[in-house]
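> Structure below; questions to follow.
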Amino acid sequence: GPLMRDLLAHAGITGETALVVALDKYESEIPTTDFKKFPVIAAIELDGRKLTVRDKGPAWIVYPRSDVQELDDAIYETRSVWQIVDIAVK
């Protein structure tokens, strides 16, 4: 999927926090600095197939947790929202 920083830049969206809401109403506030500091993606496909609700789609915030030791922390797990239905940047 695309990098979150690229999505926001392409849409001309700026702000300090992204409120990400899941299908089950779970919400996480993600500092947009995360998107600048790490290659966080909005996963929309897995192995070339679009993500479905069954496999955490239609979109899923994915941090490179296995590549960056700093991200091996519960706070980043709470920010890895799946089944995204809305993102509001403020």
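Chain identifiers are assigned as A, B, and so on, following the order in which chains appear in the structure tokens; residues are numbered from 1 within each chain, and ligands are numbered from 1 in order of appearance.
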Quick one: contact table of stretch 19-48 of chain A to stretch 70-89 of chain A, 7 Å max, nearest atom pair and distance in Å to one decimal per residue, counting only C-alpha atoms, chain and number order, as a Markdown table?


| residue | atom | partner | partner_atom | distance |
| --- | --- | --- | --- | --- |
| A:Leu19 | CA | A:Ala88 | CA | 5.1 |
| A:Val20 | CA | A:Ile87 | CA | 4.5 |
| A:Val21 | CA | A:Asp86 | CA | 5.1 |
| A:Ala22 | CA | A:Ile84 | CA | 4.3 |
| A:Leu23 | CA | A:Gln83 | CA | 5.5 |
| A:Ser28 | CA | A:Arg79 | CA | 5.7 |
| A:Ile30 | CA | A:Arg79 | CA | 6.2 |

> Write to file, as a tab-separated table (two decimals), in the first residue's frame, the residues of the selection just made, with N, CA, C and O atoms.


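Listed below is the output, result-v2.tsv:
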chain	number	residue	atom	x	y	z
A	19	LEU	N	-6.97	10.89	13.39
A	19	LEU	CA	-7.91	10.05	14.13
A	19	LEU	C	-8.37	8.96	13.16
A	19	LEU	O	-9.02	9.25	12.16
A	20	VAL	N	-7.99	7.73	13.46
A	20	VAL	CA	-8.30	6.60	12.59
A	20	VAL	C	-9.39	5.78	13.25
A	20	VAL	O	-9.27	5.39	14.42
A	21	VAL	N	-10.48	5.54	12.50
A	21	VAL	CA	-11.65	4.84	13.04
A	21	VAL	C	-11.86	3.54	12.28
A	21	VAL	O	-11.85	3.53	11.04
A	22	ALA	N	-12.08	2.47	13.04
A	22	ALA	CA	-12.30	1.15	12.46
A	22	ALA	C	-13.79	0.83	12.37
A	22	ALA	O	-14.63	1.48	13.00
A	23	LEU	N	-14.09	-0.19	11.61
A	23	LEU	CA	-15.46	-0.65	11.41
A	23	LEU	C	-16.17	-0.93	12.73
A	23	LEU	O	-17.35	-0.63	12.88
A	28	SER	N	-8.07	5.30	17.16
A	28	SER	CA	-6.71	5.55	17.61
A	28	SER	C	-6.26	6.90	17.06
A	28	SER	O	-6.49	7.19	15.88
A	30	ILE	N	-3.23	8.99	15.97
A	30	ILE	CA	-1.86	8.76	15.55
A	30	ILE	C	-1.19	10.10	15.25
A	30	ILE	O	-1.70	10.85	14.41

> With DSSP run on the backbone, what are the alpha helix (DSSP H) residues within chain A? I'd like them as a PyMOL selection string.

chain A and resi 4-11+32-37+74-79

> Identify which of the residues A:Pro58, A:Ile13, A:Ser66, A:Pro31 lies closest to A:Ile44, counting only C-alpha atoms when measuring atom-to-atom distances.

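Closest to A:Ile44, using only C-alpha atoms: A:Pro58.
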
> Looking only at the backbone, which of the residues in chain A does DSSP tag as strand (DSSP E), as a list in words?

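Matching residues, listed in order: Thr17, Ala18, Leu19, Val20, Val21, Ala22, Glu27, Ser28, Glu29, Ile30, Pro31, Ile41, Ala42, Ala43, Glu45, Leu46, Arg49, Lys50, Trp60, Ile61, Val62, Ile84, Val85, Asp86, Ile87, Ala88 and Val89 of chain A.
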
> Using only C-alpha atoms, which residues sit within 9 Å of stretch 32-35 of chain A once same-chain residues fewer than 2 positions away are excluded, as a list in words?

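Using only C-alpha atoms, the neighbours found are Leu3, Met4, Arg5, Asp6, Thr14, Gly15, Glu16, Thr17, Ala18, Ile30, Lys37, Phe38, Pro39, Val40, Ile41 and Val89 of chain A.
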
> Please dump the current selection as a tab-separated table (two decimals), in the first residue's frame; keep all heavy atoms.


chain	number	residue	atom	x	y	z
A	3	LEU	N	2.45	4.84	1.20
A	3	LEU	CA	2.91	5.43	2.45
A	3	LEU	C	1.89	6.47	2.92
A	3	LEU	O	1.38	7.25	2.11
A	3	LEU	CB	4.27	6.10	2.27
A	3	LEU	CG	5.46	5.18	2.04
A	3	LEU	CD1	6.67	5.99	1.62
A	3	LEU	CD2	5.75	4.36	3.29
A	4	MET	N	1.61	6.49	4.20
A	4	MET	CA	0.66	7.46	4.74
A	4	MET	C	1.13	8.89	4.49
A	4	MET	O	0.33	9.75	4.16
A	4	MET	CB	0.43	7.22	6.23
A	4	MET	CG	-0.48	6.05	6.54
A	4	MET	SD	-2.15	6.26	5.87
A	4	MET	CE	-2.72	7.71	6.76
A	5	ARG	N	2.42	9.14	4.60
A	5	ARG	CA	2.93	10.50	4.38
A	5	ARG	C	2.67	10.94	2.94
A	5	ARG	O	2.35	12.09	2.69
A	5	ARG	CB	4.39	10.62	4.76
A	5	ARG	CG	5.34	9.79	3.92
A	5	ARG	CD	6.80	10.05	4.29
A	5	ARG	NE	7.64	8.94	3.93
A	5	ARG	CZ	8.31	8.21	4.79
A	5	ARG	NH1	8.27	8.46	6.08
A	5	ARG	NH2	9.05	7.20	4.37
A	6	ASP	N	2.77	10.00	1.99
A	6	ASP	CA	2.51	10.33	0.59
A	6	ASP	C	1.02	10.58	0.34
A	6	ASP	O	0.65	11.48	-0.41
A	6	ASP	CB	3.00	9.21	-0.34
A	6	ASP	CG	4.52	9.07	-0.33
A	6	ASP	OD1	5.21	10.00	0.17
A	6	ASP	OD2	5.01	8.04	-0.83
A	14	THR	N	-2.79	18.51	6.01
A	14	THR	CA	-1.80	18.74	7.06
A	14	THR	C	-2.50	18.72	8.40
A	14	THR	O	-3.71	18.91	8.49
A	14	THR	CB	-1.09	20.09	6.88
A	14	THR	OG1	-2.06	21.14	6.93
A	14	THR	CG2	-0.33	20.15	5.57
A	15	GLY	N	-1.74	18.48	9.42
A	15	GLY	CA	-2.29	18.45	10.77
A	15	GLY	C	-1.34	17.70	11.67
A	15	GLY	O	-0.35	17.12	11.22
A	16	GLU	N	-1.66	17.69	12.94
A	16	GLU	CA	-0.77	17.06	13.92
A	16	GLU	C	-1.20	15.66	14.31
A	16	GLU	O	-0.38	14.87	14.76
A	16	GLU	CB	-0.69	17.94	15.17
A	16	GLU	CG	-0.03	19.27	14.89
A	16	GLU	CD	0.07	20.14	16.13
A	16	GLU	OE1	-0.12	19.62	17.26
A	16	GLU	OE2	0.34	21.33	15.97
A	17	THR	N	-2.48	15.35	14.14
A	17	THR	CA	-3.00	14.07	14.59
A	17	THR	C	-3.97	13.50	13.57
A	17	THR	O	-4.81	14.22	13.03
A	17	THR	CB	-3.74	14.22	15.94
A	17	THR	OG1	-2.88	14.86	16.87
A	17	THR	CG2	-4.17	12.88	16.50
A	18	ALA	N	-3.86	12.19	13.34
A	18	ALA	CA	-4.82	11.50	12.49
A	18	ALA	C	-5.68	10.62	13.39
A	18	ALA	O	-5.17	9.76	14.10
A	18	ALA	CB	-4.10	10.64	11.46
A	30	ILE	N	-3.23	8.99	15.97
A	30	ILE	CA	-1.86	8.76	15.55
A	30	ILE	C	-1.19	10.10	15.25
A	30	ILE	O	-1.70	10.85	14.41
A	30	ILE	CB	-1.81	7.86	14.30
A	30	ILE	CG1	-2.51	6.53	14.57
A	30	ILE	CG2	-0.37	7.65	13.85
A	30	ILE	CD1	-2.66	5.66	13.34
A	37	LYS	N	8.38	10.04	10.30
A	37	LYS	CA	9.54	9.37	10.88
A	37	LYS	C	9.70	7.92	10.40
A	37	LYS	O	10.81	7.44	10.25
A	37	LYS	CB	9.41	9.39	12.41
A	37	LYS	CG	10.60	8.85	13.15
A	37	LYS	CD	10.43	9.03	14.65
A	37	LYS	CE	11.64	8.52	15.40
A	37	LYS	NZ	11.50	8.68	16.84
A	38	PHE	N	8.57	7.24	10.17
A	38	PHE	CA	8.60	5.82	9.80
A	38	PHE	C	7.85	5.59	8.48
A	38	PHE	O	6.93	6.34	8.17
A	38	PHE	CB	7.93	4.97	10.88
A	38	PHE	CG	8.45	5.19	12.27
A	38	PHE	CD1	7.68	5.81	13.22
A	38	PHE	CD2	9.73	4.76	12.62
A	38	PHE	CE1	8.15	6.01	14.52
A	38	PHE	CE2	10.22	4.96	13.90
A	38	PHE	CZ	9.43	5.59	14.85
A	39	PRO	N	8.20	4.55	7.74
A	39	PRO	CA	7.47	4.25	6.50
A	39	PRO	C	6.17	3.49	6.80
A	39	PRO	O	6.02	2.30	6.52
A	39	PRO	CB	8.46	3.40	5.71
A	39	PRO	CG	9.30	2.73	6.75
A	39	PRO	CD	9.39	3.71	7.89
A	40	VAL	N	5.22	4.20	7.40
A	40	VAL	CA	3.91	3.63	7.75
A	40	VAL	C	3.08	3.56	6.47
A	40	VAL	O	2.99	4.55	5.74
A	40	VAL	CB	3.20	4.50	8.80
A	40	VAL	CG1	1.82	3.94	9.15
A	40	VAL	CG2	4.06	4.64	10.05
A	41	ILE	N	2.46	2.41	6.23
A	41	ILE	CA	1.65	2.28	5.02
A	41	ILE	C	0.18	2.11	5.34
A	41	ILE	O	-0.20	1.72	6.45
A	41	ILE	CB	2.12	1.10	4.13
A	41	ILE	CG1	1.91	-0.24	4.83
A	41	ILE	CG2	3.55	1.27	3.69
A	41	ILE	CD1	2.07	-1.44	3.91
A	89	VAL	N	-7.81	14.12	9.92
A	89	VAL	CA	-6.58	14.75	10.37
A	89	VAL	C	-6.91	16.12	10.92
A	89	VAL	O	-7.62	16.91	10.29
A	89	VAL	CB	-5.55	14.86	9.20
A	89	VAL	CG1	-4.28	15.55	9.68
A	89	VAL	CG2	-5.24	13.47	8.66

> What is the distance, in Å and to one decimal place, between atom CA of A:Lys50 and atom CA of A:Leu8?

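Rounded to one decimal, the two atoms are 21.0 Å apart.
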
> Which residue, A:Lys90, A:Ala9, A:Ala59, A:Val68, has the smallest gap to A:Ala42 when you use only C-alpha atoms?

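Among A:Lys90, A:Ala9, A:Ala59, A:Val68, it is A:Ala59 that comes nearest to A:Ala42.
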
> Do you know which residues are at most 9 Å from A:Leu46 counting only C-alpha atoms, after dropping those on the same chain fewer than 5 positions away, and could you put them as JSON, numbers by chain?

{"A": [1, 51, 55]}

> Selection from above, C-alpha atoms, as a PDB file, in the first residue's frame, can you write it?


ATOM      1  CA  GLY A   1       0.000   0.000   0.000  1.00  0.00           C
ATOM      2  CA  LEU A  51      -7.978  -6.691   1.564  1.00  0.00           C
ATOM      3  CA  ASP A  55      -8.621 -10.114   6.344  1.00  0.00           C
TER       4      ASP A  55
END

> Do you have the atom CA of A:Thr52-atom CA of A:Tyr26 distance handy?

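Here the two named atoms are 17.5 Å from each other.
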
> One number please: atom CA of A:Pro2 to atom CA of A:Trp60, in Å, one decimal.

10.9 Å
